[in-house]
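Enquirer: Have a peek at protein.cif (mmCIF, C-alpha atoms).
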```cif
data_my_file
loop_
_atom_site.group_PDB
_atom_site.id
_atom_site.type_symbol
_atom_site.label_atom_id
_atom_site.label_comp_id
_atom_site.auth_asym_id
_atom_site.auth_seq_id
_atom_site.Cartn_x
_atom_site.Cartn_y
_atom_site.Cartn_z
ATOM 1 C CA MET Q 1268 -5.241 -0.337 14.979
ATOM 2 C CA THR Q 1269 -1.923 1.445 15.435
ATOM 3 C CA LYS Q 1270 0.525 -0.845 17.216
ATOM 4 C CA HIS Q 1271 3.348 0.313 19.460
ATOM 5 C CA SER Q 1272 6.328 -1.530 20.801
ATOM 6 C CA MET Q 1273 7.627 -0.938 24.299
ATOM 7 C CA THR Q 1274 10.095 1.862 24.951
ATOM 8 C CA ASN Q 1275 13.653 0.576 24.525
ATOM 9 C CA ASP Q 1276 17.229 1.324 25.455
ATOM 10 C CA SER Q 1277 18.082 2.938 22.110
ATOM 11 C CA GLY Q 1278 15.622 5.764 22.671
ATOM 12 C CA LYS Q 1279 14.899 5.891 18.932
ATOM 13 C CA LYS Q 1280 11.276 5.845 17.858
ATOM 14 C CA LEU Q 1281 10.285 4.933 14.296
ATOM 15 C CA ILE Q 1282 6.937 5.054 12.547
ATOM 16 C CA VAL Q 1283 6.344 2.797 9.552
ATOM 17 C CA PHE Q 1284 3.594 3.897 7.167
ATOM 18 C CA GLY Q 1285 2.411 0.845 5.233
ATOM 19 C CA ALA Q 1286 3.494 -1.544 7.978
ATOM 20 C CA GLY Q 1287 1.093 -4.258 6.810
ATOM 21 C CA GLY Q 1288 2.808 -4.891 3.478
ATOM 22 C CA ARG Q 1289 5.650 -7.316 2.970
ATOM 23 C CA VAL Q 1290 8.356 -4.659 3.022
ATOM 24 C CA GLY Q 1291 6.693 -2.889 5.920
ATOM 25 C CA ARG Q 1292 6.519 -6.072 7.973
ATOM 26 C CA ALA Q 1293 10.189 -6.772 7.308
ATOM 27 C CA VAL Q 1294 11.164 -3.245 8.363
ATOM 28 C CA VAL Q 1295 9.110 -3.484 11.561
ATOM 29 C CA ALA Q 1296 10.671 -6.848 12.407
ATOM 30 C CA GLU Q 1297 14.203 -5.573 11.774
ATOM 31 C CA ALA Q 1298 13.707 -2.407 13.820
ATOM 32 C CA ARG Q 1299 12.174 -4.248 16.743
ATOM 33 C CA ALA Q 1300 14.909 -6.875 16.662
ATOM 34 C CA ARG Q 1301 17.354 -4.036 17.291
ATOM 35 C CA GLY Q 1302 15.311 -2.727 20.203
ATOM 36 C CA TYR Q 1303 13.795 0.334 18.553
ATOM 37 C CA ALA Q 1304 10.325 1.489 19.480
ATOM 38 C CA VAL Q 1305 8.105 1.136 16.406
ATOM 39 C CA THR Q 1306 4.665 2.442 15.537
ATOM 40 C CA GLU Q 1307 2.882 0.526 12.789
ATOM 41 C CA ALA Q 1308 0.615 2.823 10.780
ATOM 42 C CA GLY Q 1309 -1.916 1.270 8.416
ATOM 43 C CA ARG Q 1310 -4.828 2.499 6.340
ATOM 44 C CA ALA Q 1311 -7.213 2.373 9.298
ATOM 45 C CA ASP Q 1312 -5.026 4.797 11.229
ATOM 46 C CA GLY Q 1313 -5.045 7.706 8.805
ATOM 47 C CA ASN Q 1314 -4.680 8.938 5.240
ATOM 48 C CA VAL Q 1315 -1.079 9.100 3.996
ATOM 49 C CA THR Q 1316 -2.066 11.838 1.542
ATOM 50 C CA SER Q 1317 -3.211 14.056 4.436
ATOM 51 C CA ALA Q 1318 -0.484 16.168 6.038
ATOM 52 C CA ALA Q 1319 -2.668 16.524 9.141
ATOM 53 C CA ASP Q 1320 -2.972 12.760 9.548
ATOM 54 C CA VAL Q 1321 0.753 12.259 8.933
ATOM 55 C CA ALA Q 1322 1.597 14.893 11.551
ATOM 56 C CA ARG Q 1323 -0.792 13.370 14.084
ATOM 57 C CA LEU Q 1324 0.597 9.863 13.659
ATOM 58 C CA ALA Q 1325 4.264 10.858 13.444
ATOM 59 C CA ALA Q 1326 4.388 13.166 16.463
ATOM 60 C CA GLY Q 1327 6.996 12.018 18.963
ATOM 61 C CA HIS Q 1328 9.005 9.914 16.512
ATOM 62 C CA ASP Q 1329 12.595 10.366 15.359
ATOM 63 C CA ALA Q 1330 12.256 8.868 11.887
ATOM 64 C CA ALA Q 1331 9.620 7.672 9.457
ATOM 65 C CA VAL Q 1332 9.574 4.937 6.843
ATOM 66 C CA VAL Q 1333 6.928 5.013 4.130
ATOM 67 C CA THR Q 1334 6.148 1.986 1.975
ATOM 68 C CA VAL Q 1335 2.601 2.482 0.749
ATOM 69 C CA TYR Q 1336 0.489 1.697 -2.285
ATOM 70 C CA ASP Q 1337 -3.160 2.290 -3.135
ATOM 71 C CA PRO Q 1338 -4.415 0.032 -5.962
ATOM 72 C CA GLN Q 1339 -7.555 2.163 -6.273
ATOM 73 C CA ALA Q 1340 -5.688 5.415 -6.931
ATOM 74 C CA ALA Q 1341 -3.902 6.656 -10.037
ATOM 75 C CA PRO Q 1342 -0.148 6.235 -9.355
ATOM 76 C CA GLY Q 1343 0.636 9.649 -10.828
ATOM 77 C CA VAL Q 1344 -1.703 11.225 -8.291
ATOM 78 C CA PHE Q 1345 -1.221 8.999 -5.238
ATOM 79 C CA PHE Q 1346 2.579 8.956 -4.945
ATOM 80 C CA PRO Q 1347 3.121 12.732 -5.374
ATOM 81 C CA ALA Q 1348 0.250 13.437 -2.956
ATOM 82 C CA THR Q 1349 1.786 11.075 -0.415
ATOM 83 C CA ALA Q 1350 5.203 12.692 -0.830
ATOM 84 C CA ARG Q 1351 3.812 16.179 -0.284
ATOM 85 C CA ALA Q 1352 1.833 15.054 2.767
ATOM 86 C CA MET Q 1353 4.915 13.384 4.242
ATOM 87 C CA ALA Q 1354 7.047 16.476 3.648
ATOM 88 C CA ALA Q 1355 4.544 18.788 5.299
ATOM 89 C CA GLY Q 1356 3.281 16.439 7.999
ATOM 90 C CA LEU Q 1357 6.659 15.186 9.195
ATOM 91 C CA ALA Q 1358 7.989 18.734 9.355
ATOM 92 C CA ARG Q 1359 4.967 19.739 11.430
ATOM 93 C CA ALA Q 1360 5.573 16.776 13.752
ATOM 94 C CA GLY Q 1361 9.274 17.529 14.144
ATOM 95 C CA VAL Q 1362 10.422 14.282 12.515
ATOM 96 C CA ALA Q 1363 13.904 14.786 11.096
ATOM 97 C CA ARG Q 1364 14.414 11.683 8.908
ATOM 98 C CA LEU Q 1365 12.308 10.030 6.205
ATOM 99 C CA VAL Q 1366 13.130 6.880 4.246
ATOM 100 C CA SER Q 1367 10.701 6.210 1.413
ATOM 101 C CA VAL Q 1368 10.635 2.865 -0.391
ATOM 102 C CA GLY Q 1369 10.717 3.316 -4.152
ATOM 103 C CA LEU Q 1370 11.112 1.275 -7.338
ATOM 104 C CA ALA Q 1371 14.186 0.126 -9.228
ATOM 105 C CA SER Q 1372 12.342 0.869 -12.474
ATOM 106 C CA VAL Q 1373 13.018 4.602 -12.160
ATOM 107 C CA LEU Q 1374 16.543 4.194 -10.766
ATOM 108 C CA ALA Q 1375 19.455 5.014 -13.051
ATOM 109 C CA THR Q 1376 21.592 2.171 -14.395
ATOM 110 C CA GLU Q 1377 25.369 2.428 -14.832
ATOM 111 C CA SER Q 1378 24.744 3.941 -18.275
ATOM 112 C CA GLY Q 1379 22.636 6.697 -16.750
ATOM 113 C CA ALA Q 1380 19.394 5.498 -18.336
ATOM 114 C CA ALA Q 1381 16.486 4.617 -16.087
ATOM 115 C CA LEU Q 1382 16.059 0.858 -15.736
ATOM 116 C CA MET Q 1383 12.560 1.089 -17.227
ATOM 117 C CA ASP Q 1384 14.061 2.540 -20.415
ATOM 118 C CA THR Q 1385 16.548 -0.274 -21.008
ATOM 119 C CA PRO Q 1386 15.922 -2.846 -23.775
ATOM 120 C CA GLY Q 1387 13.616 -5.679 -22.815
ATOM 121 C CA TYR Q 1388 12.401 -4.168 -19.549
ATOM 122 C CA PRO Q 1389 8.658 -4.882 -18.975
ATOM 123 C CA GLN Q 1390 6.467 -1.939 -19.937
ATOM 124 C CA GLU Q 1391 3.006 -3.081 -18.835
ATOM 125 C CA TRP Q 1392 3.426 -1.314 -15.467
ATOM 126 C CA ARG Q 1393 4.970 1.860 -16.872
ATOM 127 C CA GLU Q 1394 2.232 4.085 -15.438
ATOM 128 C CA PHE Q 1395 3.092 2.709 -11.998
ATOM 129 C CA TYR Q 1396 6.811 3.277 -12.558
ATOM 130 C CA LEU Q 1397 6.224 6.862 -13.632
ATOM 131 C CA GLY Q 1398 3.954 7.469 -10.641
ATOM 132 C CA HIS Q 1399 6.697 6.365 -8.272
ATOM 133 C CA GLY Q 1400 9.173 8.619 -10.062
ATOM 134 C CA ALA Q 1401 6.762 11.535 -9.797
ATOM 135 C CA GLY Q 1402 6.517 10.853 -6.081
ATOM 136 C CA THR Q 1403 10.287 11.210 -5.680
ATOM 137 C CA ASP Q 1404 10.233 14.413 -7.729
ATOM 138 C CA ALA Q 1405 7.443 15.771 -5.519
ATOM 139 C CA LEU Q 1406 9.354 14.872 -2.367
ATOM 140 C CA ARG Q 1407 12.470 16.595 -3.669
ATOM 141 C CA ALA Q 1408 10.457 19.732 -4.431
ATOM 142 C CA ALA Q 1409 8.409 19.781 -1.222
ATOM 143 C CA ALA Q 1410 10.820 18.629 1.490
ATOM 144 C CA PRO Q 1411 11.732 21.479 3.842
ATOM 145 C CA ALA Q 1412 15.331 22.067 4.853
ATOM 146 C CA GLY Q 1413 14.791 20.341 8.193
ATOM 147 C CA LEU Q 1414 13.684 17.027 6.687
ATOM 148 C CA ASP Q 1415 16.544 14.701 5.766
ATOM 149 C CA TRP Q 1416 15.121 12.217 3.269
ATOM 150 C CA ALA Q 1417 16.186 9.367 1.032
ATOM 151 C CA VAL Q 1418 14.409 6.955 -1.294
ATOM 152 C CA LEU Q 1419 15.627 3.348 -1.252
ATOM 153 C CA SER Q 1420 14.646 0.555 -3.607
ATOM 154 C CA PRO Q 1421 16.062 -2.810 -4.560
ATOM 155 C CA ALA Q 1422 18.674 -2.304 -7.259
ATOM 156 C CA GLY Q 1423 16.666 -4.839 -9.281
ATOM 157 C CA ASP Q 1424 13.933 -6.700 -7.415
ATOM 158 C CA PHE Q 1425 13.206 -8.864 -4.389
ATOM 159 C CA GLY Q 1426 13.996 -12.551 -4.514
ATOM 160 C CA GLY Q 1427 15.657 -15.498 -2.884
ATOM 161 C CA ASP Q 1428 13.967 -14.800 0.414
ATOM 162 C CA GLY Q 1429 15.439 -16.637 3.325
ATOM 163 C CA PRO Q 1430 17.436 -15.852 6.450
ATOM 164 C CA GLN Q 1431 18.994 -12.417 6.599
ATOM 165 C CA ALA Q 1432 22.559 -12.410 5.311
ATOM 166 C CA GLY Q 1433 23.173 -9.154 7.139
ATOM 167 C CA ARG Q 1434 24.953 -7.537 4.205
ATOM 168 C CA TYR Q 1435 24.003 -5.215 1.371
ATOM 169 C CA VAL Q 1436 25.554 -2.650 -0.946
ATOM 170 C CA PHE Q 1437 24.322 0.541 -2.569
ATOM 171 C CA GLY Q 1438 24.575 0.743 -6.330
ATOM 172 C CA PRO Q 1439 22.903 1.589 -9.645
ATOM 173 C CA ALA Q 1440 19.913 -0.230 -11.057
ATOM 174 C CA ASP Q 1441 20.596 -3.747 -12.309
ATOM 175 C CA ALA Q 1442 17.757 -5.865 -13.679
ATOM 176 C CA ALA Q 1443 19.510 -9.074 -12.577
ATOM 177 C CA SER Q 1444 20.002 -7.992 -8.958
ATOM 178 C CA ARG Q 1445 17.929 -9.712 -6.257
ATOM 179 C CA ILE Q 1446 17.843 -8.958 -2.543
ATOM 180 C CA THR Q 1447 15.838 -10.538 0.250
ATOM 181 C CA HIS Q 1448 13.197 -8.526 2.070
ATOM 182 C CA ALA Q 1449 15.161 -9.036 5.296
ATOM 183 C CA ASP Q 1450 18.399 -7.579 3.939
ATOM 184 C CA PHE Q 1451 16.564 -4.714 2.266
ATOM 185 C CA ALA Q 1452 14.865 -3.982 5.596
ATOM 186 C CA ARG Q 1453 18.299 -3.865 7.225
ATOM 187 C CA ALA Q 1454 19.320 -1.108 4.807
ATOM 188 C CA VAL Q 1455 16.096 0.802 5.440
ATOM 189 C CA VAL Q 1456 16.495 0.688 9.226
ATOM 190 C CA ASP Q 1457 20.179 1.617 8.947
ATOM 191 C CA GLU Q 1458 19.286 4.664 6.863
ATOM 192 C CA ALA Q 1459 16.389 5.621 9.127
ATOM 193 C CA THR Q 1460 18.552 5.588 12.244
ATOM 194 C CA ALA Q 1461 22.067 6.442 11.015
ATOM 195 C CA PRO Q 1462 21.702 8.176 7.639
ATOM 196 C CA THR Q 1463 24.357 8.050 4.948
ATOM 197 C CA ARG Q 1464 22.197 8.818 1.893
ATOM 198 C CA HIS Q 1465 20.644 12.251 1.611
ATOM 199 C CA ALA Q 1466 18.090 13.627 -0.880
ATOM 200 C CA VAL Q 1467 18.761 10.796 -3.344
ATOM 201 C CA HIS Q 1468 17.206 7.589 -4.668
ATOM 202 C CA ALA Q 1469 19.643 4.766 -3.914
ATOM 203 C CA GLY Q 1470 19.539 1.162 -5.071
ATOM 204 C CA VAL Q 1471 20.200 -1.650 -2.602
ATOM 205 C CA GLY Q 1472 21.662 -4.982 -3.697
ATOM 206 C CA PRO Q 1473 23.181 -8.059 -2.068
ATOM 207 C CA ALA Q 1474 26.782 -7.827 -0.915
#
```
Transcribe the structure of this file into structure tokens.
Expert:
Amino acid sequence: MTKHSMTNDSGKKLIVFGAGGRVGRAVVAEARARGYAVTEAGRADGNVTSAADVARLAAGHDAAVVTVYDPQAAPGVFFPATARAMAAGLARAGVARLVSVGLASVLATESGAALMDTPGYPQEWREFYLGHGAGTDALRAAAPAGLDWAVLSPAGDFGGDGPQAGRYVFGPADAASRITHADFARAVVDEATAPTRHAVHAGVGPA
């Protein structure tokens, strides 16, 4: 079931696609802690690869966060299809801002090489990495001029979960970097409500 928070003083309304996952739950908690109205959208509410479903669910919101994954679908098909549906559906719904949660694996390191192409980086999930990258490429190609989007990922990975430190930095991919879900969620909500990153994939690390 789609869950709604009460209307709040901020007036901002966010929808989180994939709200049941760990990142999604952290984003919902962070947004609600700030007083934003949040709609939690899960698989039972609609198909994220359907522009019609995205438009129906997103209508009336100011920003959308998407952090979804389908283990039954080919990554190279699912992530681009989701990106195209978000681009079309959010535009149809009049949603101006999209923050998509991506992977550090396809983020550029300081050398310019993608993290997944650096020596010693695990390759058993390469198909998944490439699928995520294809999703960002599809979003870049499909996003209309009226949709301000960004892709955020940990600069390295999640780890050391505990209380929110309340600080983070943007930077290149770094395999050693670890950020808590709570601090990553802070960055996501910041970018959803007061954007500073536009049409880019940005890495988020601990401050």
Enquirer: Using the chain letters and numbers from the file, which residues does the PyMOL selection byres ((chain Q and resi 1343) around 7) grab, as a ChimeraX atom specification?
Expert: /Q:1341-1342,1344-1347,1397-1398,1401
Enquirer: Name the residues that the PyMOL selection byres ((chain Q and resi 1368) around 8) picks from the file above, as an NGL selection string, using the file's chain letters and numbers.
Expert: :Q and (1332-1334 or 1366-1367 or 1369-1370 or 1418-1420)
Enquirer: I'd like to see the residues matched by the PyMOL selection byres ((chain Q and resi 1306) around 12) on this file, and ideally I'd get them as number ranges by chain.
Expert: Q: 1268-1274, 1279-1287, 1291-1292, 1294-1296, 1298-1299, 1303-1305, 1307-1309, 1312, 1324-1333
Enquirer: Within 12 Å of (0.2, 14.7, 12.9) in the file's own coordinates, which protein, DNA or RNA residues have an atom, counting only C-alpha atoms? List them as a PyMOL selection string.
Expert: chain Q and resi 1282+1312-1328+1352-1362
Enquirer: Do you have, as a tab-separated table, the list of residues of stretch 1314-1413 of chain Q lying at most 8 Å from stretch 1437-1461 of chain Q, each with its nearest atom pair and that distance in Å to one decimal, counting all atoms listed in the file and ordered by chain then number?
Expert:
```
residue	atom	partner	partner_atom	distance
Q:Ala1330	CA	Q:Ala1459	CA	5.9
Q:Ala1331	CA	Q:Ala1459	CA	7.1
Q:Val1332	CA	Q:Ala1459	CA	7.2
Q:Arg1364	CA	Q:Ala1459	CA	6.4
Q:Leu1365	CA	Q:Ala1459	CA	6.7
Q:Val1366	CA	Q:Ala1459	CA	6.0
Q:Ala1371	CA	Q:Ala1440	CA	6.0
Q:Ser1372	CA	Q:Ala1440	CA	7.8
Q:Leu1374	CA	Q:Ala1440	CA	5.6
Q:Ala1375	CA	Q:Ala1440	CA	5.6
Q:Thr1376	CA	Q:Ala1440	CA	4.4
Q:Glu1377	CA	Q:Pro1439	CA	5.8
Q:Ala1381	CA	Q:Ala1440	CA	7.8
Q:Leu1382	CA	Q:Ala1440	CA	6.2
```
Enquirer: Calculate how many Å separate atom CA of Q:Arg1301 from atom CA of Q:Ala1412, rounding to one decimal.
Expert: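 These two atoms are separated by 29.0 Å.
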Enquirer: Have a look at atom CA of Q:Gly1302 and atom CA of Q:Arg1434 and let me know their distance in Å, one decimal.
Expert: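 It comes out at 19.3 Å.
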Enquirer: Counting all atoms listed in the file, figure out which residue out of Q:His1465, Q:Ala1363, Q:Asp1384, Q:Gly1433 gets nearest to Q:Leu1414.
Expert: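 Counting all atoms listed in the file, the residue closest to Q:Leu1414 is Q:Ala1363.
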Enquirer: When you draw a straight line from atom CA of Q:Ala1422 to atom CA of Q:Ala1348, how long is it in Å?
Expert: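 Interatomic distance here is 24.6 Å.
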Enquirer: Nearest residue to Q:Val1467 out of Q:Glu1297, Q:Asp1424, Q:Asp1404, Q:Asp1337, using only C-alpha atoms?
Expert: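 Closest residue, counting only C-alpha atoms: Q:Asp1404.
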Enquirer: Under the rule that only C-alpha atoms are counted, which of Q:Gln1339, Q:Phe1425, Q:Ala1466, Q:Ala1380 is the nearest residue to Q:Ala1408?
Expert: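 For Q:Ala1408, the nearest of the candidates is Q:Ala1466.
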Enquirer: May I ask which of the residues Q:Val1436, Q:Ala1311, Q:Val1373, Q:Ala1350 is the closest one to Q:Pro1411, counting all atoms listed in the file?
Expert: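 Nearest candidate to Q:Pro1411 out of Q:Val1436, Q:Ala1311, Q:Val1373, Q:Ala1350: Q:Ala1350.
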Enquirer: With all atoms of stretch 1287-1292 of chain Q from the file as input, state the centre and edge lengths in Å to one decimal of the axis-aligned box that has 6 Å extra on each side, as AutoDock Vina command-line options.
Expert:
```
--center_x 4.7 --center_y -5.1 --center_z 5.5 --size_x 19.3 --size_y 16.4 --size_z 17.0
```
Enquirer: How would stretch 1404-1426 of chain Q read, as a compact mmCIF listing (two decimals), in the coordinates of the input, once N, CA, C and O atoms are built in?
Expert:
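Wrote part24.txt, looks like this:
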```txt
# COMPACT_ATOMS: atom_id res chain seq x y z
N ASP Q 1404 10.09 13.02 -7.28
CA ASP Q 1404 10.23 14.41 -7.73
C ASP Q 1404 9.46 15.36 -6.81
O ASP Q 1404 9.95 16.44 -6.46
N ALA Q 1405 8.25 14.94 -6.41
CA ALA Q 1405 7.44 15.77 -5.52
C ALA Q 1405 8.09 15.90 -4.15
O ALA Q 1405 8.06 16.99 -3.54
N LEU Q 1406 8.67 14.82 -3.66
CA LEU Q 1406 9.35 14.87 -2.37
C LEU Q 1406 10.55 15.82 -2.43
O LEU Q 1406 10.77 16.63 -1.52
N ARG Q 1407 11.30 15.73 -3.51
CA ARG Q 1407 12.47 16.60 -3.67
C ARG Q 1407 12.04 18.07 -3.68
O ARG Q 1407 12.72 18.93 -3.10
N ALA Q 1408 10.92 18.35 -4.32
CA ALA Q 1408 10.46 19.73 -4.43
C ALA Q 1408 9.83 20.24 -3.13
O ALA Q 1408 9.95 21.43 -2.80
N ALA Q 1409 9.18 19.35 -2.38
CA ALA Q 1409 8.41 19.78 -1.22
C ALA Q 1409 9.13 19.68 0.11
O ALA Q 1409 8.74 20.33 1.08
N ALA Q 1410 10.16 18.86 0.20
CA ALA Q 1410 10.82 18.63 1.49
C ALA Q 1410 11.44 19.91 2.03
O ALA Q 1410 12.24 20.55 1.33
N PRO Q 1411 11.11 20.30 3.24
CA PRO Q 1411 11.73 21.48 3.84
C PRO Q 1411 13.17 21.18 4.24
O PRO Q 1411 13.59 20.02 4.30
N ALA Q 1412 13.91 22.23 4.53
CA ALA Q 1412 15.33 22.07 4.85
C ALA Q 1412 15.56 21.17 6.06
O ALA Q 1412 16.57 20.48 6.15
N GLY Q 1413 14.62 21.13 6.98
CA GLY Q 1413 14.79 20.34 8.19
C GLY Q 1413 14.48 18.87 8.05
O GLY Q 1413 14.66 18.11 9.02
N LEU Q 1414 14.01 18.44 6.89
CA LEU Q 1414 13.68 17.03 6.69
C LEU Q 1414 14.76 16.36 5.85
O LEU Q 1414 14.92 16.66 4.66
N ASP Q 1415 15.50 15.46 6.45
CA ASP Q 1415 16.54 14.70 5.77
C ASP Q 1415 15.90 13.44 5.20
O ASP Q 1415 15.45 12.58 5.94
N TRP Q 1416 15.86 13.32 3.88
CA TRP Q 1416 15.12 12.22 3.27
C TRP Q 1416 16.00 11.44 2.30
O TRP Q 1416 17.01 11.92 1.79
N ALA Q 1417 15.58 10.22 2.06
CA ALA Q 1417 16.19 9.37 1.03
C ALA Q 1417 15.13 8.40 0.54
O ALA Q 1417 14.21 8.02 1.28
N VAL Q 1418 15.24 8.00 -0.71
CA VAL Q 1418 14.41 6.96 -1.29
C VAL Q 1418 15.31 5.75 -1.53
O VAL Q 1418 16.37 5.87 -2.14
N LEU Q 1419 14.90 4.59 -1.03
CA LEU Q 1419 15.63 3.35 -1.25
C LEU Q 1419 14.75 2.37 -2.02
O LEU Q 1419 13.54 2.30 -1.78
N SER Q 1420 15.35 1.63 -2.91
CA SER Q 1420 14.65 0.56 -3.61
C SER Q 1420 15.63 -0.58 -3.83
O SER Q 1420 16.86 -0.37 -3.79
N PRO Q 1421 15.14 -1.79 -4.08
CA PRO Q 1421 16.06 -2.81 -4.56
C PRO Q 1421 16.75 -2.29 -5.82
O PRO Q 1421 16.15 -1.54 -6.60
N ALA Q 1422 17.99 -2.69 -6.03
CA ALA Q 1422 18.67 -2.30 -7.26
C ALA Q 1422 18.01 -2.97 -8.46
O ALA Q 1422 18.06 -2.45 -9.58
N GLY Q 1423 17.39 -4.14 -8.22
CA GLY Q 1423 16.67 -4.84 -9.28
C GLY Q 1423 15.28 -5.23 -8.81
O GLY Q 1423 14.29 -4.65 -9.19
N ASP Q 1424 15.22 -6.23 -7.92
CA ASP Q 1424 13.93 -6.70 -7.42
C ASP Q 1424 14.19 -7.51 -6.14
O ASP Q 1424 15.33 -7.73 -5.74
N PHE Q 1425 13.10 -7.96 -5.52
CA PHE Q 1425 13.21 -8.86 -4.39
C PHE Q 1425 13.27 -10.30 -4.90
O PHE Q 1425 12.73 -10.62 -5.95
N GLY Q 1426 13.92 -11.15 -4.13
CA GLY Q 1426 14.00 -12.55 -4.51
C GLY Q 1426 14.91 -13.32 -3.60
O GLY Q 1426 15.68 -12.74 -2.82
```
